[in-house]
Amino acid sequence: MTAPHKLRPWEAPMTSVTSPLEGRAIGLAAVPDPVFSGAMVGPGTAIDPVREPSAAVSPVDGVVVSLHPHAFVVVDSEGHGVLTHLGIDTVQLNGEGFELLVNKGDTVTRGQEVVRWNPAAVEAAGKSPVCPVVALEASADALADVQESGDVKSGDALFTWK
């Protein structure tokens with residue numbers, strides 16, 4: 001009987017996290033909320049979305065483990081949880097202007113629409129439409145190739161979780 005093959009570091013699975021929205025990558029430090037800008041929730045980046053009605057899509061293949069009108073978490077097969085937070089302080093909008101397109105517990109694929117919303121309406125309501133995309137329960141050195149500037153389309157790479 002042979003011993004099970006142990007993965008070498010370069011063979012370890014990595015999770016590629018893609019943008020749930022079209023807009024401009026700005027990095028977490030630019031998020032107008034100290035909990036996100038200080039990476040207290042976890043490392044990642046943020047998207048300043050285009051100001052038009054759109055749907056936020058899943059940044060990974062996985063299971064929706066948390067779902068609110070303003071935020072959702074998808075956990076992939078490696079156990080990596082990715083939080084997409086649609087705007088800052090948008091919980092105060094009580095779901096107005098957000099439409100859930102999936103249910104908690106659903107299995108989703110990368111790029112599948114999860115929540116429909118309008119960043120311009122969020123901004124008109126006095127809230128920031130900036131969207132943190134965060135690797136939950138990760139250390140900063142667990143991420144590579146973090147996109148912190150430049151235009152991104154929905155589905156473009158944001159970071160790799162090692």
# chains A, B, ... in the order shown; residues from 1 in each chain; ligands from 1
$ residues_around --residues "Val41 (chain A)" --least-positions-apart "3" --cutoff "8 Å" --atoms "only C-alpha atoms" --output "JSON, numbers by chain"
{"A": [35, 36, 134, 136, 137]}
$ write_last_selection --atoms "N, CA and C atoms" --output "short mmCIF file (atom, residue, chain, number, x, y, z; two decimals), in the first residue's frame"
data_model
loop_
_atom_site.label_atom_id
_atom_site.label_comp_id
_atom_site.auth_asym_id
_atom_site.auth_seq_id
_atom_site.Cartn_x
_atom_site.Cartn_y
_atom_site.Cartn_z
N VAL A 35 -13.91 49.43 8.80
CA VAL A 35 -13.92 47.97 8.96
C VAL A 35 -13.36 47.30 7.70
N PHE A 36 -13.75 47.82 6.53
CA PHE A 36 -13.24 47.27 5.28
C PHE A 36 -11.85 47.81 4.95
N VAL A 134 -14.08 40.48 -0.44
CA VAL A 134 -13.18 40.12 0.65
C VAL A 134 -13.04 38.61 0.80
N LEU A 136 -12.74 35.96 3.27
CA LEU A 136 -13.05 35.82 4.69
C LEU A 136 -12.09 34.86 5.37
N GLU A 137 -11.72 35.22 6.60
CA GLU A 137 -10.85 34.37 7.43
C GLU A 137 -9.55 34.01 6.72
#
$ residues_around --residues "Leu83 (chain A)" --least-positions-apart "2" --cutoff "8 Å" --atoms "only C-alpha atoms" --output "PDB file with N, CA and C atoms, in the first residue's frame"
ATOM      1  N   ALA A  71     -25.492  42.159   0.524  1.00  0.00           N
ATOM      2  CA  ALA A  71     -24.240  41.402   0.647  1.00  0.00           C
ATOM      3  C   ALA A  71     -24.500  39.909   0.526  1.00  0.00           C
ATOM      4  N   PHE A  72     -23.463  39.191   0.030  1.00  0.00           N
ATOM      5  CA  PHE A  72     -23.573  37.735  -0.024  1.00  0.00           C
ATOM      6  C   PHE A  72     -22.192  37.098   0.106  1.00  0.00           C
ATOM      7  N   VAL A  73     -22.202  35.856   0.599  1.00  0.00           N
ATOM      8  CA  VAL A  73     -20.970  35.084   0.747  1.00  0.00           C
ATOM      9  C   VAL A  73     -21.146  33.768   0.004  1.00  0.00           C
ATOM     10  N   VAL A  74     -20.156  33.451  -0.846  1.00  0.00           N
ATOM     11  CA  VAL A  74     -20.113  32.174  -1.550  1.00  0.00           C
ATOM     12  C   VAL A  74     -18.867  31.434  -1.079  1.00  0.00           C
ATOM     13  N   GLY A  81     -14.367  31.325   1.686  1.00  0.00           N
ATOM     14  CA  GLY A  81     -15.555  32.162   1.638  1.00  0.00           C
ATOM     15  C   GLY A  81     -15.231  33.538   1.101  1.00  0.00           C
ATOM     16  N   HIS A  85     -19.867  42.773  -0.875  1.00  0.00           N
ATOM     17  CA  HIS A  85     -20.701  43.729  -0.141  1.00  0.00           C
ATOM     18  C   HIS A  85     -21.081  44.852  -1.099  1.00  0.00           C
ATOM     19  N   PRO A 132     -16.729  46.256  -1.550  1.00  0.00           N
ATOM     20  CA  PRO A 132     -15.619  45.407  -1.133  1.00  0.00           C
ATOM     21  C   PRO A 132     -15.856  43.952  -1.563  1.00  0.00           C
ATOM     22  N   VAL A 133     -14.787  43.292  -1.990  1.00  0.00           N
ATOM     23  CA  VAL A 133     -14.795  41.867  -2.305  1.00  0.00           C
ATOM     24  C   VAL A 133     -13.682  41.277  -1.443  1.00  0.00           C
ATOM     25  N   VAL A 134     -14.085  40.481  -0.445  1.00  0.00           N
ATOM     26  CA  VAL A 134     -13.177  40.121   0.646  1.00  0.00           C
ATOM     27  C   VAL A 134     -13.039  38.611   0.799  1.00  0.00           C
ATOM     28  N   ALA A 135     -11.794  38.186   1.032  1.00  0.00           N
ATOM     29  CA  ALA A 135     -11.492  36.793   1.355  1.00  0.00           C
ATOM     30  C   ALA A 135     -11.669  36.627   2.866  1.00  0.00           C
ATOM     31  N   LEU A 136     -12.738  35.963   3.267  1.00  0.00           N
ATOM     32  CA  LEU A 136     -13.049  35.822   4.689  1.00  0.00           C
ATOM     33  C   LEU A 136     -12.088  34.857   5.372  1.00  0.00           C
TER      34      LEU A 136
END
$ residues_around --residues "region 18-32 of chain A" --least-positions-apart "6" --cutoff "6 Å" --atoms "only C-alpha atoms" --output "VMD selection string"
chain A and resid 45 to 50 56 to 59 148 to 158
$ atom_distance --atom1 "CA of Ala140 (chain A)" --atom2 "CA of Met40 (chain A)"
10.7 Å
$ residues_around --residues "Thr109 (chain A)" --least-positions-apart "5" --cutoff "7 Å" --atoms "only C-alpha atoms" --output "PyMOL selection string"
chain A and resi 58+60-62
$ closest_atom_pairs --of "region 6-77 of chain A" --to "region 91-104 of chain A" --cutoff "9 Å" --atoms "only C-alpha atoms" --output "JSON lines"
{"residue": "A:Ala55", "atom": "CA", "partner": "A:Leu101", "partner_atom": "CA", "distance": 8.9}
{"residue": "A:Val63", "atom": "CA", "partner": "A:Lys104", "partner_atom": "CA", "distance": 8.0}
{"residue": "A:Val64", "atom": "CA", "partner": "A:Lys104", "partner_atom": "CA", "distance": 5.2}
{"residue": "A:Val65", "atom": "CA", "partner": "A:Lys104", "partner_atom": "CA", "distance": 5.8}
{"residue": "A:Ser66", "atom": "CA", "partner": "A:Lys104", "partner_atom": "CA", "distance": 6.0}
{"residue": "A:Leu67", "atom": "CA", "partner": "A:Lys104", "partner_atom": "CA", "distance": 5.6}
{"residue": "A:His68", "atom": "CA", "partner": "A:Leu100", "partner_atom": "CA", "distance": 7.8}
{"residue": "A:Pro69", "atom": "CA", "partner": "A:Gly95", "partner_atom": "CA", "distance": 5.1}
{"residue": "A:His70", "atom": "CA", "partner": "A:Val91", "partner_atom": "CA", "distance": 6.0}
{"residue": "A:Ala71", "atom": "CA", "partner": "A:Val91", "partner_atom": "CA", "distance": 8.5}
{"residue": "A:Phe72", "atom": "CA", "partner": "A:Lys104", "partner_atom": "CA", "distance": 8.9}
$ select_by_dssp --residues "region 45-160 of chain A" --states "alpha helix (DSSP H)" --output "count of residues only"
6
$ select_by_dssp --residues "region 20-116 of chain A" --states "strand (DSSP E or B)" --output "JSON, numbers by chain"
{"A": [23, 24, 25, 44, 45, 46, 47, 48, 49, 54, 55, 56, 57, 62, 63, 64, 65, 66, 67, 68, 71, 72, 73, 74, 75, 81, 82, 83, 84, 85, 88, 99, 100, 107, 108, 113, 114, 115, 116]}
$ atom_distance --atom1 "CA of Arg116 (chain A)" --atom2 "CA of Ser128 (chain A)"
16.6 Å
$ atom_distance --atom1 "CA of Gln112 (chain A)" --atom2 "CA of Pro53 (chain A)"
16.1 Å
$ residues_around --residues "Asp141 (chain A)" --least-positions-apart "2" --cutoff "9 Å" --atoms "only C-alpha atoms" --output "list of chain:residue names"
A:Pro43, A:Ala138, A:Ser139, A:Leu143, A:Ala144, A:Lys162
$ write_last_selection --atoms "all heavy atoms" --output "tab-separated table (two decimals), in the first residue's frame"
chain	number	residue	atom	x	y	z
A	43	PRO	N	-8.69	40.34	3.88
A	43	PRO	CA	-8.04	41.03	2.76
A	43	PRO	C	-8.87	40.90	1.50
A	43	PRO	O	-9.78	40.07	1.42
A	43	PRO	CB	-6.71	40.28	2.63
A	43	PRO	CG	-7.06	38.88	3.07
A	43	PRO	CD	-8.08	39.05	4.17
A	138	ALA	N	-9.00	34.99	5.99
A	138	ALA	CA	-7.72	34.79	5.30
A	138	ALA	C	-6.72	35.80	5.84
A	138	ALA	O	-7.09	36.87	6.31
A	138	ALA	CB	-7.89	34.99	3.79
A	139	SER	N	-5.45	35.44	5.75
A	139	SER	CA	-4.40	36.40	6.08
A	139	SER	C	-4.04	37.14	4.81
A	139	SER	O	-4.25	36.64	3.70
A	139	SER	CB	-3.18	35.67	6.66
A	139	SER	OG	-2.70	34.75	5.70
A	143	LEU	N	-3.23	35.96	-0.21
A	143	LEU	CA	-3.70	36.44	-1.50
A	143	LEU	C	-2.54	36.86	-2.39
A	143	LEU	O	-1.53	37.36	-1.90
A	143	LEU	CB	-4.65	37.64	-1.34
A	143	LEU	CG	-5.88	37.45	-0.47
A	143	LEU	CD1	-6.79	38.66	-0.59
A	143	LEU	CD2	-6.62	36.18	-0.80
A	144	ALA	N	-2.71	36.67	-3.68
A	144	ALA	CA	-1.71	37.09	-4.66
A	144	ALA	C	-2.42	37.80	-5.81
A	144	ALA	O	-3.62	37.61	-6.03
A	144	ALA	CB	-0.94	35.88	-5.19
A	162	LYS	N	-4.28	31.70	-2.30
A	162	LYS	CA	-3.35	30.55	-2.29
A	162	LYS	C	-3.72	29.55	-1.23
A	162	LYS	O	-4.28	29.86	-0.22
A	162	LYS	CB	-1.92	31.03	-2.04
A	162	LYS	CG	-1.44	32.05	-3.06
A	162	LYS	CD	-0.04	32.48	-2.78
A	162	LYS	CE	-0.05	33.68	-1.87
A	162	LYS	NZ	1.23	34.27	-1.61
